[in-house]
file target_22.txt (compact mmCIF, N, CA and C atoms)
# COMPACT_ATOMS: atom_id res chain seq x y z
N MET O 1 142.40 60.62 207.86
CA MET O 1 142.45 61.22 206.55
C MET O 1 143.83 61.03 205.92
N ARG O 2 144.87 61.15 206.74
CA ARG O 2 146.22 60.96 206.19
C ARG O 2 146.41 59.53 205.72
N ASN O 3 145.80 58.61 206.43
CA ASN O 3 145.95 57.21 206.07
C ASN O 3 145.29 56.93 204.73
N SER O 4 144.11 57.50 204.50
CA SER O 4 143.43 57.27 203.22
C SER O 4 144.17 57.97 202.08
N ARG O 5 144.73 59.12 202.35
CA ARG O 5 145.51 59.84 201.34
C ARG O 5 146.76 59.04 200.99
N ARG O 6 147.39 58.47 202.02
CA ARG O 6 148.60 57.67 201.81
C ARG O 6 148.27 56.43 200.97
N LYS O 7 147.17 55.76 201.28
CA LYS O 7 146.77 54.58 200.51
C LYS O 7 146.46 54.95 199.06
N PHE O 8 145.82 56.08 198.87
CA PHE O 8 145.52 56.54 197.52
C PHE O 8 146.80 56.79 196.73
N MET O 9 147.77 57.44 197.35
CA MET O 9 149.03 57.75 196.67
C MET O 9 149.79 56.47 196.35
N ILE O 10 149.77 55.50 197.26
CA ILE O 10 150.45 54.23 197.01
C ILE O 10 149.78 53.49 195.86
N ALA O 11 148.45 53.48 195.84
CA ALA O 11 147.73 52.82 194.76
C ALA O 11 147.99 53.52 193.43
N LEU O 12 148.01 54.83 193.44
CA LEU O 12 148.30 55.59 192.22
C LEU O 12 149.70 55.29 191.72
N TRP O 13 150.65 55.23 192.63
CA TRP O 13 152.03 54.93 192.25
C TRP O 13 152.12 53.50 191.74
N ALA O 14 151.43 52.57 192.41
CA ALA O 14 151.48 51.17 192.01
C ALA O 14 150.91 50.96 190.62
N LEU O 15 149.93 51.76 190.23
CA LEU O 15 149.38 51.66 188.88
C LEU O 15 150.20 52.45 187.86
N GLY O 16 150.72 53.58 188.28
CA GLY O 16 151.41 54.47 187.37
C GLY O 16 152.75 53.96 186.90
N VAL O 17 153.52 53.36 187.79
CA VAL O 17 154.86 52.90 187.42
C VAL O 17 154.79 51.79 186.37
N PRO O 18 153.99 50.74 186.57
CA PRO O 18 153.94 49.71 185.53
C PRO O 18 153.40 50.24 184.20
N LEU O 19 152.40 51.14 184.27
CA LEU O 19 151.88 51.71 183.03
C LEU O 19 152.94 52.55 182.31
N GLY O 20 153.73 53.27 183.08
CA GLY O 20 154.80 54.07 182.48
C GLY O 20 155.86 53.20 181.83
N ILE O 21 156.20 52.11 182.47
CA ILE O 21 157.19 51.18 181.91
C ILE O 21 156.64 50.54 180.65
N LEU O 22 155.36 50.13 180.70
CA LEU O 22 154.73 49.51 179.55
C LEU O 22 154.67 50.48 178.37
N ALA O 23 154.30 51.71 178.64
CA ALA O 23 154.24 52.71 177.57
C ALA O 23 155.61 52.97 176.98
N GLY O 24 156.63 53.00 177.81
CA GLY O 24 157.99 53.21 177.31
C GLY O 24 158.47 52.08 176.44
N SER O 25 158.14 50.85 176.81
CA SER O 25 158.58 49.72 176.00
C SER O 25 157.83 49.65 174.67
N VAL O 26 156.54 50.01 174.68
CA VAL O 26 155.76 50.03 173.44
C VAL O 26 156.28 51.12 172.51
N ALA O 27 156.60 52.26 173.06
CA ALA O 27 157.12 53.35 172.24
C ALA O 27 158.48 53.01 171.65
N ALA O 28 159.28 52.24 172.40
CA ALA O 28 160.60 51.86 171.90
C ALA O 28 160.48 50.86 170.75
N GLN O 29 159.42 50.03 170.75
CA GLN O 29 159.26 49.03 169.72
C GLN O 29 158.61 49.58 168.46
N ALA O 30 157.95 50.71 168.56
CA ALA O 30 157.26 51.28 167.40
C ALA O 30 158.29 51.75 166.38
N PRO O 31 158.04 51.45 165.09
CA PRO O 31 158.99 51.90 164.07
C PRO O 31 158.94 53.41 163.91
N THR O 32 160.09 53.98 163.65
CA THR O 32 160.14 55.43 163.46
C THR O 32 159.67 55.75 162.05
N PRO O 33 158.80 56.74 161.90
CA PRO O 33 158.31 57.08 160.56
C PRO O 33 159.40 57.76 159.74
N VAL O 34 159.40 57.46 158.46
CA VAL O 34 160.36 58.06 157.55
C VAL O 34 159.79 59.39 157.09
N PRO O 35 160.52 60.50 157.30
CA PRO O 35 159.98 61.81 156.89
C PRO O 35 159.91 61.90 155.37
N LYS O 36 158.80 62.46 154.90
CA LYS O 36 158.62 62.65 153.46
C LYS O 36 159.32 63.93 153.04
N ARG O 37 159.83 63.92 151.84
CA ARG O 37 160.48 65.12 151.30
C ARG O 37 159.41 66.06 150.80
N HIS O 38 159.56 67.31 151.13
CA HIS O 38 158.62 68.33 150.70
C HIS O 38 158.85 68.59 149.21
N PRO O 39 157.78 68.72 148.42
CA PRO O 39 157.96 68.92 146.98
C PRO O 39 158.79 70.14 146.62
N SER O 40 158.71 71.19 147.42
CA SER O 40 159.47 72.40 147.08
C SER O 40 160.95 72.23 147.39
N LEU O 41 161.30 71.21 148.22
CA LEU O 41 162.70 71.00 148.57
C LEU O 41 163.39 69.99 147.67
N THR O 42 162.65 69.36 146.77
CA THR O 42 163.26 68.39 145.88
C THR O 42 164.10 69.11 144.85
N ASP O 43 165.01 68.36 144.30
CA ASP O 43 165.87 68.94 143.27
C ASP O 43 165.07 69.25 142.02
N LYS O 44 165.36 70.36 141.41
CA LYS O 44 164.65 70.76 140.20
C LYS O 44 165.09 69.91 139.01
N ASP O 45 166.26 69.28 139.10
CA ASP O 45 166.75 68.46 138.01
C ASP O 45 165.97 67.16 137.89
N ASP O 46 165.25 66.77 138.94
CA ASP O 46 164.50 65.53 138.93
C ASP O 46 163.30 65.60 138.00
N ASP O 47 162.73 66.77 137.81
CA ASP O 47 161.52 66.92 137.02
C ASP O 47 161.90 67.36 135.60
N PRO O 48 161.74 66.47 134.61
CA PRO O 48 162.14 66.85 133.25
C PRO O 48 161.19 67.86 132.61
N ASP O 49 159.95 67.95 133.11
CA ASP O 49 158.98 68.88 132.53
C ASP O 49 159.13 70.30 133.07
N ALA O 50 159.93 70.47 134.10
CA ALA O 50 160.07 71.79 134.72
C ALA O 50 160.81 72.73 133.76
N PRO O 51 160.33 73.96 133.61
CA PRO O 51 161.01 74.91 132.73
C PRO O 51 162.33 75.33 133.35
N LYS O 52 163.30 75.51 132.50
CA LYS O 52 164.63 75.92 132.97
C LYS O 52 164.66 77.43 133.12
N VAL O 53 164.76 77.90 134.35
CA VAL O 53 164.83 79.32 134.63
C VAL O 53 166.24 79.61 135.14
N GLY O 54 166.91 80.49 134.46
CA GLY O 54 168.27 80.81 134.83
C GLY O 54 168.32 81.69 136.07
N THR O 55 169.39 81.52 136.83
CA THR O 55 169.54 82.34 138.03
C THR O 55 169.73 83.80 137.67
N LYS O 56 170.32 84.04 136.49
CA LYS O 56 170.52 85.42 136.07
C LYS O 56 169.18 86.13 135.86
N THR O 57 168.21 85.43 135.29
CA THR O 57 166.88 85.99 135.07
C THR O 57 166.21 86.31 136.40
N ILE O 58 166.33 85.38 137.33
CA ILE O 58 165.74 85.58 138.66
C ILE O 58 166.39 86.78 139.35
N LEU O 59 167.72 86.87 139.26
CA LEU O 59 168.42 87.98 139.90
C LEU O 59 168.06 89.33 139.27
N GLU O 60 167.88 89.35 137.96
CA GLU O 60 167.50 90.59 137.29
C GLU O 60 166.10 91.03 137.71
N ALA O 61 165.17 90.09 137.81
CA ALA O 61 163.82 90.42 138.25
C ALA O 61 163.84 90.91 139.70
N ASN O 62 164.65 90.27 140.51
CA ASN O 62 164.78 90.68 141.91
C ASN O 62 165.36 92.09 142.00
N GLN O 63 166.32 92.39 141.16
CA GLN O 63 166.94 93.71 141.14
C GLN O 63 165.92 94.79 140.77
N LYS O 64 165.06 94.50 139.78
CA LYS O 64 164.02 95.45 139.39
C LYS O 64 163.04 95.70 140.53
N ASP O 65 162.66 94.62 141.22
CA ASP O 65 161.74 94.76 142.36
C ASP O 65 162.37 95.59 143.47
N ILE O 66 163.65 95.37 143.71
CA ILE O 66 164.35 96.13 144.76
C ILE O 66 164.39 97.61 144.39
N LYS O 67 164.67 97.92 143.11
CA LYS O 67 164.71 99.32 142.68
C LYS O 67 163.36 100.00 142.86
N LYS O 68 162.28 99.30 142.47
CA LYS O 68 160.94 99.87 142.64
C LYS O 68 160.63 100.10 144.12
N SER O 69 161.03 99.15 144.94
CA SER O 69 160.77 99.27 146.38
C SER O 69 161.57 100.42 146.99
N VAL O 70 162.80 100.60 146.54
CA VAL O 70 163.62 101.70 147.06
C VAL O 70 163.04 103.04 146.65
N GLU O 71 162.54 103.14 145.42
CA GLU O 71 161.90 104.38 144.97
C GLU O 71 160.66 104.68 145.82
N ARG O 72 159.88 103.65 146.09
CA ARG O 72 158.69 103.81 146.93
C ARG O 72 159.09 104.20 148.36
N LEU O 73 160.16 103.61 148.86
CA LEU O 73 160.66 103.95 150.19
C LEU O 73 161.10 105.40 150.26
N PHE O 74 161.78 105.88 149.21
CA PHE O 74 162.20 107.27 149.17
C PHE O 74 161.00 108.20 149.15
N GLN O 75 159.98 107.84 148.37
CA GLN O 75 158.77 108.66 148.30
C GLN O 75 158.08 108.73 149.66
N LEU O 76 157.96 107.58 150.32
CA LEU O 76 157.31 107.56 151.64
C LEU O 76 158.11 108.36 152.67
N ALA O 77 159.42 108.24 152.62
CA ALA O 77 160.26 108.98 153.56
C ALA O 77 160.15 110.48 153.33
N SER O 78 160.07 110.88 152.08
CA SER O 78 159.90 112.31 151.77
C SER O 78 158.56 112.83 152.28
N GLU O 79 157.50 112.03 152.07
CA GLU O 79 156.18 112.42 152.57
C GLU O 79 156.18 112.51 154.09
N LEU O 80 156.86 111.57 154.72
CA LEU O 80 156.94 111.59 156.19
C LEU O 80 157.68 112.82 156.68
N LYS O 81 158.75 113.20 155.99
CA LYS O 81 159.52 114.38 156.38
C LYS O 81 158.65 115.63 156.30
N ILE O 82 157.89 115.75 155.23
CA ILE O 82 157.01 116.91 155.06
C ILE O 82 155.95 116.94 156.15
N GLU O 83 155.40 115.77 156.45
CA GLU O 83 154.36 115.70 157.47
C GLU O 83 154.89 116.03 158.86
N VAL O 84 156.11 115.61 159.14
CA VAL O 84 156.73 115.92 160.44
C VAL O 84 156.99 117.41 160.55
N GLU O 85 157.41 118.02 159.47
CA GLU O 85 157.66 119.46 159.49
C GLU O 85 156.37 120.25 159.70
N LYS O 86 155.24 119.73 159.22
CA LYS O 86 153.96 120.42 159.38
C LYS O 86 153.44 120.37 160.81
N THR O 87 153.61 119.23 161.46
CA THR O 87 153.01 119.05 162.79
C THR O 87 154.02 119.31 163.89
N ASP O 88 153.49 119.64 165.05
CA ASP O 88 154.33 119.80 166.24
C ASP O 88 154.31 118.46 166.98
N SER O 89 155.30 117.63 166.72
CA SER O 89 155.28 116.27 167.25
C SER O 89 155.54 116.22 168.76
N VAL O 90 155.92 117.35 169.36
CA VAL O 90 156.10 117.38 170.81
C VAL O 90 154.75 117.31 171.50
N LEU O 91 153.76 117.98 170.92
CA LEU O 91 152.44 118.01 171.53
C LEU O 91 151.49 116.96 170.96
N VAL O 92 151.56 116.73 169.65
CA VAL O 92 150.62 115.82 169.00
C VAL O 92 151.39 114.82 168.15
N LEU O 93 151.02 113.55 168.29
CA LEU O 93 151.61 112.52 167.46
C LEU O 93 150.49 111.98 166.56
N SER O 94 150.57 112.28 165.31
CA SER O 94 149.51 111.96 164.36
C SER O 94 149.43 110.46 164.10
N LEU O 95 148.21 109.95 163.96
CA LEU O 95 148.00 108.55 163.63
C LEU O 95 148.49 108.26 162.22
N ALA O 96 148.29 109.20 161.32
CA ALA O 96 148.78 109.04 159.95
C ALA O 96 150.30 108.95 159.93
N LEU O 97 150.94 109.70 160.82
CA LEU O 97 152.39 109.67 160.93
C LEU O 97 152.85 108.28 161.36
N LEU O 98 152.17 107.69 162.33
CA LEU O 98 152.53 106.35 162.80
C LEU O 98 152.31 105.30 161.71
N LYS O 99 151.20 105.42 160.98
CA LYS O 99 150.93 104.46 159.91
C LYS O 99 151.98 104.55 158.81
N LYS O 100 152.39 105.77 158.51
CA LYS O 100 153.40 105.94 157.48
C LYS O 100 154.75 105.35 157.92
N THR O 101 155.09 105.52 159.19
CA THR O 101 156.35 104.94 159.68
C THR O 101 156.28 103.41 159.67
N GLU O 102 155.12 102.84 159.99
CA GLU O 102 154.97 101.39 159.93
C GLU O 102 155.09 100.88 158.50
N GLU O 103 154.53 101.62 157.56
CA GLU O 103 154.63 101.23 156.15
C GLU O 103 156.08 101.31 155.67
N ILE O 104 156.78 102.34 156.10
CA ILE O 104 158.19 102.49 155.74
C ILE O 104 159.00 101.33 156.32
N GLU O 105 158.72 101.00 157.57
CA GLU O 105 159.44 99.90 158.22
C GLU O 105 159.19 98.57 157.50
N LYS O 106 157.95 98.32 157.14
CA LYS O 106 157.60 97.09 156.44
C LYS O 106 158.30 97.01 155.09
N LEU O 107 158.31 98.12 154.38
CA LEU O 107 158.96 98.17 153.07
C LEU O 107 160.47 97.97 153.20
N ALA O 108 161.05 98.58 154.22
CA ALA O 108 162.50 98.43 154.44
C ALA O 108 162.85 96.98 154.76
N LYS O 109 162.03 96.32 155.56
CA LYS O 109 162.28 94.90 155.88
C LYS O 109 162.15 94.04 154.63
N ASP O 110 161.19 94.37 153.77
CA ASP O 110 161.01 93.63 152.53
C ASP O 110 162.23 93.80 151.63
N ILE O 111 162.74 95.01 151.54
CA ILE O 111 163.93 95.27 150.72
C ILE O 111 165.11 94.49 151.28
N ARG O 112 165.25 94.50 152.60
CA ARG O 112 166.38 93.79 153.22
C ARG O 112 166.30 92.29 152.95
N SER O 113 165.10 91.72 153.05
CA SER O 113 164.96 90.28 152.82
C SER O 113 165.24 89.93 151.35
N ARG O 114 164.83 90.80 150.43
CA ARG O 114 165.10 90.54 149.00
C ARG O 114 166.58 90.69 148.71
N ALA O 115 167.23 91.62 149.36
CA ALA O 115 168.66 91.82 149.11
C ALA O 115 169.48 90.63 149.64
N LYS O 116 169.01 90.02 150.71
CA LYS O 116 169.71 88.86 151.25
C LYS O 116 169.56 87.66 150.33
N GLY O 117 168.45 87.62 149.62
CA GLY O 117 168.26 86.53 148.67
C GLY O 117 167.22 85.65 149.09

call {"tool": "encode", "arguments": {"input": "target_22.txt", "output": "structure tokens"}}
result
Amino acid sequence: MRNSRRKFMIALWALGVPLGILAGSVAAQAPTPVPKRHPSLTDKDDDPDAPKVGTKTILEANQKDIKKSVERLFQLASELKIEVEKTDSVLVLSLALLKKTEEIEKLAKDIRSRAKG
């Protein structure tokens, strides 16, 4: 049995090494593909039909969104505070309480990402 296993391994090696070398040489000869530029990454100056949007306008809209989100965050935090005061969180952890904390966390992450730009 060892002899047949040894012959099998030698035959496998004898076929595998030349195929590996052949595959390596074919891969080396293949031309490398040129990556295409993504349309969203192209310069906006290239497209003459594109509307000119000022950065100041974008920043002002972003600021308004951040203010609305912060107001919503304050409202959710106030509701959470009231709910925590109502329940005895040592004995019972409310599912609504967990959902509200997840919503607050999601909103806070959204505000942080908008503030970063």

call {"tool": "atom_distance", "arguments": {"input": "target_22.txt", "atom1": "atom C of O:Thr55", "atom2": "atom N of O:Lys68"}}
result
17.9 Å

call {"tool": "axis_aligned_box", "arguments": {"input": "target_22.txt", "around": "stretch 73-90 of chain O", "padding_each_side": "8 Å", "output": "lines of an AutoDock Vina configuration file"}}
result
center_x = 157.6
center_y = 112.0
center_z = 159.9
size_x = 25.2
size_y = 32.8
size_z = 39.2

call {"tool": "closest_residue", "arguments": {"input": "target_22.txt", "among": "O:Asp110, O:Leu97, O:Val53, O:Lys116", "to": "O:Glu83", "atoms": "only N, CA and C atoms"}}
result
O:Leu97

call {"tool": "atom_distance", "arguments": {"input": "target_22.txt", "atom1": "atom CA of O:Ala108", "atom2": "atom CA of O:Ser69"}}
result
8.3 Å

call {"tool": "atom_distance", "arguments": {"input": "target_22.txt", "atom1": "atom CA of O:Glu71", "atom2": "atom N of O:Gly117"}}
result
18.6 Å

call {"tool": "closest_residue", "arguments": {"input": "target_22.txt", "among": "O:Thr101, O:Asn62, O:Ser4, O:Thr57", "to": "O:Leu76", "atoms": "all atoms listed in the file"}}
result
O:Thr101
